[in-house]
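Reproduced below: input38.tsv, with TSV, C-alpha atoms and all ligand atoms.
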```tsv
chain	number	residue	atom	x	y	z
A	21	MET	CA	6.69	-12.63	-19.13
A	22	SER	CA	4.73	-14.65	-16.62
A	23	GLN	CA	1.45	-16.29	-17.60
A	24	ILE	CA	-0.56	-14.77	-14.77
A	25	PRO	CA	-0.77	-11.03	-15.43
A	26	VAL	CA	0.16	-8.62	-12.67
A	27	ILE	CA	-0.46	-4.87	-12.65
A	28	ALA	CA	1.88	-3.26	-10.12
A	29	ILE	CA	0.80	0.15	-8.86
A	30	ASP	CA	3.35	1.89	-6.65
A	31	GLY	CA	3.24	5.37	-5.23
A	32	PRO	CA	3.30	7.58	-2.16
A	33	SER	CA	0.87	7.74	0.71
A	34	ALA	CA	-2.61	9.11	0.05
A	35	SER	CA	-2.06	9.21	-3.72
A	36	GLY	CA	-5.34	7.34	-4.20
A	37	LYS	CA	-3.57	4.26	-5.54
A	38	GLY	CA	-5.60	1.93	-3.31
A	39	ALA	CA	-8.95	3.15	-4.62
A	40	VAL	CA	-7.74	3.08	-8.23
A	41	ALA	CA	-6.11	-0.34	-7.87
A	42	GLN	CA	-9.29	-1.84	-6.39
A	43	LEU	CA	-11.40	-0.52	-9.26
A	44	VAL	CA	-8.97	-1.82	-11.88
A	45	ALA	CA	-8.97	-5.24	-10.16
A	46	LYS	CA	-12.76	-5.29	-10.04
A	47	THR	CA	-13.12	-4.36	-13.71
A	48	LEU	CA	-10.69	-7.06	-14.83
A	49	GLY	CA	-11.95	-9.66	-12.31
A	50	PHE	CA	-8.42	-9.88	-10.83
A	51	HIS	CA	-7.30	-10.43	-7.24
A	52	TYR	CA	-6.20	-7.36	-5.29
A	53	LEU	CA	-3.27	-6.99	-2.91
A	54	ASP	CA	-3.11	-3.98	-0.59
A	55	SER	CA	0.50	-4.49	0.54
A	56	GLY	CA	0.43	-1.39	2.76
A	57	ALA	CA	-2.26	-3.11	4.84
A	58	LEU	CA	0.25	-5.83	5.74
A	59	TYR	CA	2.74	-3.27	7.11
A	60	ARG	CA	-0.10	-1.54	8.91
A	61	LEU	CA	-1.21	-4.86	10.46
A	62	VAL	CA	2.32	-5.48	11.76
A	63	ALA	CA	2.21	-1.97	13.25
A	64	LEU	CA	-1.18	-2.60	14.86
A	65	LYS	CA	-0.11	-5.92	16.35
A	66	ALA	CA	3.13	-4.37	17.65
A	67	THR	CA	1.08	-1.64	19.33
A	68	GLN	CA	-1.24	-4.20	20.91
A	69	LEU	CA	1.75	-6.17	22.23
A	70	HIS	CA	3.62	-3.02	23.34
A	71	VAL	CA	6.59	-3.96	21.17
A	72	ASP	CA	9.06	-1.12	20.73
A	73	SER	CA	9.21	0.35	17.22
A	74	THR	CA	12.99	-0.22	17.13
A	75	ASP	CA	12.89	-3.90	18.14
A	76	HIS	CA	13.69	-5.40	14.69
A	77	ASP	CA	13.65	-9.01	15.81
A	78	GLN	CA	10.30	-8.90	17.57
A	79	LEU	CA	8.74	-6.94	14.69
A	80	ALA	CA	10.03	-9.49	12.18
A	81	ALA	CA	8.60	-12.30	14.33
A	82	ILE	CA	5.23	-10.53	14.36
A	83	ALA	CA	5.38	-10.13	10.57
A	84	ALA	CA	6.23	-13.81	10.09
A	85	HIS	CA	3.37	-15.05	12.27
A	86	LEU	CA	0.57	-12.57	11.49
A	87	ASP	CA	-2.83	-14.26	11.61
A	88	ILE	CA	-4.70	-12.30	8.94
A	89	VAL	CA	-7.59	-12.84	6.58
A	90	PHE	CA	-8.73	-10.58	3.73
A	91	GLN	CA	-12.39	-11.29	3.09
A	92	ASN	CA	-14.73	-9.23	0.93
A	93	GLN	CA	-14.03	-5.65	2.05
A	94	GLU	CA	-12.85	-6.60	5.56
A	95	ILE	CA	-9.41	-7.29	7.01
A	96	TYR	CA	-9.19	-9.56	10.08
A	97	LEU	CA	-6.30	-9.70	12.54
A	98	ASP	CA	-6.40	-12.66	14.96
A	99	GLY	CA	-10.03	-13.22	13.95
A	100	LYS	CA	-11.11	-9.64	14.73
A	101	ILE	CA	-12.01	-6.93	12.23
A	102	ALA	CA	-9.10	-4.48	11.91
A	103	THR	CA	-10.19	-2.77	8.67
A	104	HIS	CA	-10.64	0.69	10.14
A	105	GLU	CA	-8.14	0.51	12.98
A	106	ILE	CA	-5.21	0.10	10.58
A	107	ARG	CA	-6.17	3.29	8.68
A	108	THR	CA	-5.31	5.76	11.44
A	109	GLU	CA	-2.45	8.22	10.88
A	110	GLN	CA	-0.68	6.76	13.91
A	111	CYS	CA	-0.77	3.26	12.43
A	112	GLY	CA	0.44	4.58	9.05
A	113	ILE	CA	3.37	6.40	10.60
A	114	LEU	CA	4.42	3.33	12.60
A	115	ALA	CA	4.00	1.15	9.49
A	116	SER	CA	6.31	3.48	7.59
A	117	GLN	CA	8.93	3.30	10.37
A	118	ILE	CA	8.95	-0.47	10.67
A	119	SER	CA	8.81	-1.03	6.91
A	120	ALA	CA	12.41	0.23	6.76
A	121	TYR	CA	13.62	-2.95	8.53
A	122	PRO	CA	14.88	-5.58	6.07
A	123	GLN	CA	13.81	-8.49	8.33
A	124	VAL	CA	10.23	-7.20	8.39
A	125	ARG	CA	10.15	-6.81	4.59
A	126	LYS	CA	11.62	-10.28	4.13
A	127	ALA	CA	9.02	-11.82	6.45
A	128	LEU	CA	6.21	-10.28	4.37
A	129	THR	CA	7.60	-11.14	0.92
A	130	GLU	CA	6.20	-14.66	0.55
A	131	ARG	CA	2.88	-13.63	2.03
A	132	GLN	CA	2.52	-11.01	-0.70
A	133	ARG	CA	3.48	-13.45	-3.46
A	134	LYS	CA	0.69	-15.82	-2.36
A	135	PHE	CA	-1.74	-13.33	-3.93
A	136	PHE	CA	-0.23	-14.20	-7.31
A	137	GLN	CA	-3.15	-16.36	-8.47
A	138	PRO	CA	-5.11	-16.78	-11.71
A	139	PRO	CA	-6.73	-15.01	-13.43
A	140	GLY	CA	-4.48	-12.08	-12.45
A	141	LEU	CA	-3.49	-9.62	-9.76
A	142	VAL	CA	-3.49	-5.90	-9.17
A	143	ALA	CA	-1.02	-5.08	-6.38
A	144	ASP	CA	-0.45	-1.68	-4.79
A	145	GLY	CA	2.37	-0.49	-2.57
A	146	ARG	CA	5.90	0.89	-2.78
A	147	ASP	CA	7.93	-2.01	-4.19
A	148	MET	CA	5.38	-4.08	-6.14
A	149	GLY	CA	7.08	-3.51	-9.50
A	150	SER	CA	10.66	-3.41	-8.24
A	151	ILE	CA	10.90	-6.28	-5.73
A	152	ILE	CA	7.75	-8.31	-5.19
A	153	PHE	CA	6.51	-8.72	-8.78
A	154	PRO	CA	9.44	-7.68	-11.01
A	155	ASN	CA	7.83	-9.51	-13.98
A	156	ALA	CA	4.60	-7.54	-13.72
A	157	ARG	CA	3.01	-6.98	-17.11
A	158	LEU	CA	2.25	-3.33	-16.37
A	159	LYS	CA	4.02	-1.14	-13.81
A	160	VAL	CA	2.53	2.19	-12.83
A	161	PHE	CA	3.94	4.89	-10.56
A	162	LEU	CA	0.82	6.67	-9.35
A	163	THR	CA	1.32	9.99	-7.61
A	164	ALA	CA	-0.15	13.44	-6.93
A	165	SER	CA	1.27	16.60	-5.42
A	166	ALA	CA	1.71	16.53	-1.63
A	167	GLU	CA	-0.83	19.38	-1.27
A	168	ILE	CA	-3.50	17.50	-3.23
A	169	ARG	CA	-2.80	14.31	-1.27
A	170	ALA	CA	-3.15	16.19	2.03
A	171	GLN	CA	-6.48	17.63	0.84
A	172	ARG	CA	-7.72	14.18	-0.17
A	173	ARG	CA	-6.66	12.64	3.14
A	174	HIS	CA	-8.35	15.53	4.99
A	175	LYS	CA	-11.61	14.99	3.10
A	176	GLN	CA	-11.49	11.24	3.80
A	177	LEU	CA	-10.95	11.79	7.52
A	178	MET	CA	-13.70	14.43	7.75
A	179	GLU	CA	-16.10	12.06	6.00
A	180	LYS	CA	-15.33	9.49	8.69
A	181	GLY	CA	-16.05	12.13	11.33
A	182	ILE	CA	-12.37	12.39	12.33
A	183	ASP	CA	-11.18	15.94	12.93
A	184	ALA	CA	-7.91	16.75	11.14
A	185	ASN	CA	-5.67	19.67	10.35
A	186	ILE	CA	-4.50	20.00	6.72
A	187	ALA	CA	-1.18	21.66	7.62
A	188	LEU	CA	-0.31	18.83	10.01
A	189	LEU	CA	-1.44	16.19	7.52
A	190	LEU	CA	0.81	17.78	4.88
A	191	GLN	CA	3.72	17.78	7.30
A	192	ASP	CA	3.16	14.07	8.13
A	193	LEU	CA	2.83	13.13	4.46
A	194	LYS	CA	6.08	14.88	3.58
A	195	ALA	CA	7.88	13.18	6.49
A	196	ARG	CA	6.48	9.81	5.36
A	197	ASP	CA	7.51	10.43	1.72
A	198	GLU	CA	10.98	11.33	2.90
A	199	ARG	CA	11.31	8.18	5.01
A	200	ASP	CA	9.77	5.84	2.40
A	201	SER	CA	11.93	7.33	-0.40
A	202	ASN	CA	15.25	7.44	1.40
A	203	ARG	CA	15.39	4.09	3.16
A	204	SER	CA	18.16	1.79	1.94
A	205	ILE	CA	15.88	-1.17	1.20
A	206	ALA	CA	13.08	-1.06	-1.41
A	207	PRO	CA	12.78	2.74	-1.44
A	208	LEU	CA	9.76	4.40	-2.98
A	209	LYS	CA	10.77	5.58	-6.43
A	210	GLN	CA	9.55	5.41	-10.00
A	211	GLY	CA	11.23	2.44	-11.71
A	212	ILE	CA	12.60	3.02	-15.22
A	213	ASP	CA	10.06	0.48	-16.51
A	214	ALA	CA	7.08	2.12	-14.73
A	215	LYS	CA	4.64	4.52	-16.37
A	216	LEU	CA	4.05	7.76	-14.49
A	217	LEU	CA	0.44	8.62	-13.66
A	218	ASP	CA	0.04	11.98	-11.93
A	219	THR	CA	-3.52	12.08	-10.62
A	220	SER	CA	-3.35	15.65	-9.22
A	221	SER	CA	-6.01	16.78	-11.67
A	222	LEU	CA	-7.68	13.42	-12.41
A	223	THR	CA	-10.74	11.78	-10.91
A	224	ILE	CA	-10.50	8.20	-9.64
A	225	SER	CA	-12.36	6.94	-12.67
A	226	GLU	CA	-10.09	8.87	-15.09
A	227	ALA	CA	-7.05	7.33	-13.38
A	228	GLN	CA	-8.67	3.88	-13.57
A	229	ASN	CA	-9.43	4.30	-17.28
A	230	THR	CA	-5.87	5.40	-18.03
A	231	ILE	CA	-4.47	2.26	-16.40
A	232	LEU	CA	-6.99	0.03	-18.18
A	233	SER	CA	-6.14	1.56	-21.54
A	234	TRP	CA	-2.39	1.08	-20.90
A	235	TYR	CA	-3.07	-2.52	-19.93
A	236	ASN	CA	-5.18	-3.15	-23.03
A	237	GLU	CA	-2.46	-1.71	-25.26
A	238	ILE	CA	0.13	-4.28	-24.11
B	1	LIG	O1	0.20	2.48	1.39
B	1	LIG	P1	0.06	2.70	2.89
B	1	LIG	O2	0.00	4.15	3.31
B	1	LIG	O3	-1.08	1.90	3.46
B	1	LIG	O4	1.41	2.09	3.54
B	1	LIG	C1	1.75	2.26	4.88
B	1	LIG	C2	3.27	2.19	5.02
B	1	LIG	O5	3.73	0.87	4.72
B	1	LIG	C3	4.04	3.11	4.07
B	1	LIG	O6	4.30	4.38	4.65
B	1	LIG	C4	5.31	2.36	3.79
B	1	LIG	C5	4.97	0.91	4.01
B	1	LIG	N1	4.86	0.13	2.79
B	1	LIG	C6	6.02	-0.37	2.26
B	1	LIG	O7	7.10	-0.09	2.77
B	1	LIG	N2	5.97	-1.17	1.16
B	1	LIG	C7	4.82	-1.46	0.58
B	1	LIG	N3	4.80	-2.26	-0.49
B	1	LIG	C8	3.61	-0.92	1.08
B	1	LIG	C9	3.66	-0.11	2.19
```

For the file at hand, write its structure as structure tokens.
Ligand code: DC
Amino acid sequence: MSQIPVIAIDGPSASGKGAVAQLVAKTLGFHYLDSGALYRLVALKATQLHVDSTDHDQLAAIAAHLDIVFQNQEIYLDGKIATHEIRTEQCGILASQISAYPQVRKALTERQRKFFQPPGLVADGRDMGSIIFPNARLKVFLTASAEIRAQRRHKQLMEKGIDANIALLLQDLKARDERDSNRSIAPLKQGIDAKLLDTSSLTISEAQNTILSWYNEI
């Protein structure tokens, strides 16, 4: 077991893992890695440069040379705030497509491991426990039913003043789950050493407390 503790929280899109992971990190005073943001930043940069979503080599080059800074609650790409721009559905769908390319994943691996710093790390994504931090002290597979996730995403978008259709959101989420779960490299799945946390009927703070109590039991 490594000296620096890692809590790996993997799960599907819109499961709420980001919000829960951030709260757990804050409570423990740990660093936080939002690995999905890295894939989304590659997608955003590719869109800005008009790089085709099938151009593996160019996408891997973008991933290897991303100029990004995570500071307080903001994410900067090439010195400009990209925090909100990377959260669009379009950016998420493109991120899911390009994350299936092994060269892109490889280019982002070391960048993710740089977050492994004392006093500890909470990392969320799809392959935190399986590939990036296999020695994580606690591995959680955080999920919720697709219908609940679509409702949560809908509420989030409406709060931001973005009009959205639940049926279409549900369709997109299912397509994304399918793609993220069936790709040949680092597919989204519950590892045998990961604890299952279904948050369908839990609040964010109940989910946070469950993870903290699991962590404190170790
Ligand atoms: O968690 P998210 O919705 O922000 O992630 C966006 C996409 O990035 C997701 O559909 C798949 C990909 N991703 C990945 O392949 N591996 C990760 N560790 C995190 C995200």

| request: May I have the protein, DNA and RNA residues with an atom at most 8 Å from (8.5, -4.8, 2.1), counting only C-alpha atoms in the file's coordinates, returned as a list of chain:residue names? | output: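 Protein, DNA and RNA residues close to (8.5, -4.8, 2.1): A:Tyr59, A:Ser119, A:Ala120, A:Pro122, A:Val124, A:Arg125, A:Lys126, A:Leu128, A:Thr129, A:Arg146, A:Asp147, A:Ala206.
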
May I have the residues from that selection written out with C-alpha atoms, as a tab-separated table (two decimals), in the coordinates of the input?
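Generated file (selection-v9.tsv):
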```tsv
chain	number	residue	atom	x	y	z
A	59	TYR	CA	2.74	-3.27	7.11
A	119	SER	CA	8.81	-1.03	6.91
A	120	ALA	CA	12.41	0.23	6.76
A	122	PRO	CA	14.88	-5.58	6.07
A	124	VAL	CA	10.23	-7.20	8.39
A	125	ARG	CA	10.15	-6.81	4.59
A	126	LYS	CA	11.62	-10.28	4.13
A	128	LEU	CA	6.21	-10.28	4.37
A	129	THR	CA	7.60	-11.14	0.92
A	146	ARG	CA	5.90	0.89	-2.78
A	147	ASP	CA	7.93	-2.01	-4.19
A	206	ALA	CA	13.08	-1.06	-1.41
```

| task | Using CA of Leu193 (chain A) and CA of Ala166 (chain A) as the two end points, give the distance in Å to one decimal. | result | 7.1 Å

| task | May I ask which of the residues A:Ile24, A:Ile88, A:Leu43, A:Ile151 is the closest one to ligand LIG 1 (chain B), counting all atoms listed in the file? | result |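 For ligand LIG 1 (chain B), the nearest of the given residues is A:Ile151.
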
I'd like a table as CSV: residues in chain A with an atom no more than 6 Å from ligand LIG 1 (chain B), each row giving the shortest atom pair and its distance in Å to one decimal, all atoms listed in the file counted, sorted by chain and rising residue number.
```
residue,atom,partner,partner_atom,distance
A:Ser33,CA,B:LIG1,O2,4.5
A:Ser55,CA,B:LIG1,C8,4.8
A:Gly56,CA,B:LIG1,C9,3.5
A:Ala57,CA,B:LIG1,O3,5.3
A:Tyr59,CA,B:LIG1,O5,4.9
A:Arg60,CA,B:LIG1,C1,5.8
A:Gly112,CA,B:LIG1,C1,4.9
A:Ala115,CA,B:LIG1,C2,4.6
A:Ser116,CA,B:LIG1,O6,3.7
A:Ser119,CA,B:LIG1,O7,4.6
A:Gly145,CA,B:LIG1,N3,3.7
A:Arg146,CA,B:LIG1,N3,4.0
A:Asp147,CA,B:LIG1,N3,4.9
A:Met148,CA,B:LIG1,N3,6.0
A:Arg196,CA,B:LIG1,O6,5.9
A:Asp200,CA,B:LIG1,C4,5.8
```

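In this structure, CA of Ala84 (chain A) sits 22.2 Å away from CA of His104 (chain A).
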
| In Å, how far is it from CA of Gln123 (chain A) to CA of Phe161 (chain A)? |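 Interatomic distance here is 25.2 Å.
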
| Shortest interatomic distance to Asn155 (chain A) - which of A:Gln23, A:Asn236, A:Gln110, A:Thr74, counting all atoms listed in the file |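 Between A:Gln23, A:Asn236, A:Gln110, A:Thr74, the residue approaching Asn155 (chain A) most closely is A:Gln23.
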
| task | Would you please work out which residue, of A:Ser73, A:Asn185, A:Gln137, A:Asn92, is nearest to Ile113 (chain A) when using only C-alpha atoms? | result |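 Result for the nearest residue to Ile113 (chain A): A:Ser73.
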
| query | Counting only C-alpha atoms, what is within 9 Å of region 214-216 of chain A, bar same-chain residues fewer than 5 positions away, as a PyMOL selection string? | reply | chain A and resi 28-30+149+158-163

| field | From A:Ile205, A:Ile238, A:Ala164, A:Leu189, residue lying nearest Asp218 (chain A) [only C-alpha atoms] | value |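 Looking at the shortest contact to Asp218 (chain A), the residue is A:Ala164.
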
| request: For Leu97 (chain A), list every protein, DNA or RNA residue within 6 Å, evaluated using only C-alpha atoms, and leave out those in the same chain fewer than 3 positions away; present the list as a list in words. | output: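 Everything that qualifies: Asp87, Ile88, Lys100 and Ala102 of chain A.
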
Dump of C-alpha atoms for the selected residues, as a PDB file, in the frame of the given file:
```pdb
ATOM      1  CA  ASP A  87      -2.830 -14.260  11.610  1.00  0.00           C
ATOM      2  CA  ILE A  88      -4.700 -12.300   8.940  1.00  0.00           C
ATOM      3  CA  LYS A 100     -11.110  -9.640  14.730  1.00  0.00           C
ATOM      4  CA  ALA A 102      -9.100  -4.480  11.910  1.00  0.00           C
TER       5      ALA A 102
END
```

Each residue of region 179-221 of chain A with at least one atom at most 9 Å from region 167-170 of chain A should appear once, together with its nearest atom pair and the corresponding distance in Å (one decimal); atoms considered: only C-alpha atoms; ordering: chain, then increasing residue number; output as a Markdown table.
```
| residue | atom | partner | partner_atom | distance |
| --- | --- | --- | --- | --- |
| A:Ile186 | CA | A:Ala170 | CA | 6.2 |
| A:Ala187 | CA | A:Ala170 | CA | 8.1 |
| A:Leu188 | CA | A:Ala170 | CA | 8.9 |
| A:Leu189 | CA | A:Ala170 | CA | 5.8 |
| A:Leu190 | CA | A:Ala170 | CA | 5.1 |
| A:Gln191 | CA | A:Ala170 | CA | 8.8 |
| A:Leu193 | CA | A:Ala170 | CA | 7.1 |
| A:Ser220 | CA | A:Ile168 | CA | 6.3 |
| A:Ser221 | CA | A:Ile168 | CA | 8.8 |
```

| Between A:Val44, A:Ile95, A:Ile27, A:Ile118, which has the minimum distance to Val62 (chain A) (counting all atoms listed in the file)? | A:Ile118

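Residue nearest Leu217 (chain A), chosen from A:Glu179, A:Ser165, A:Arg173, A:Leu64 and counting only C-alpha atoms: A:Ser165.
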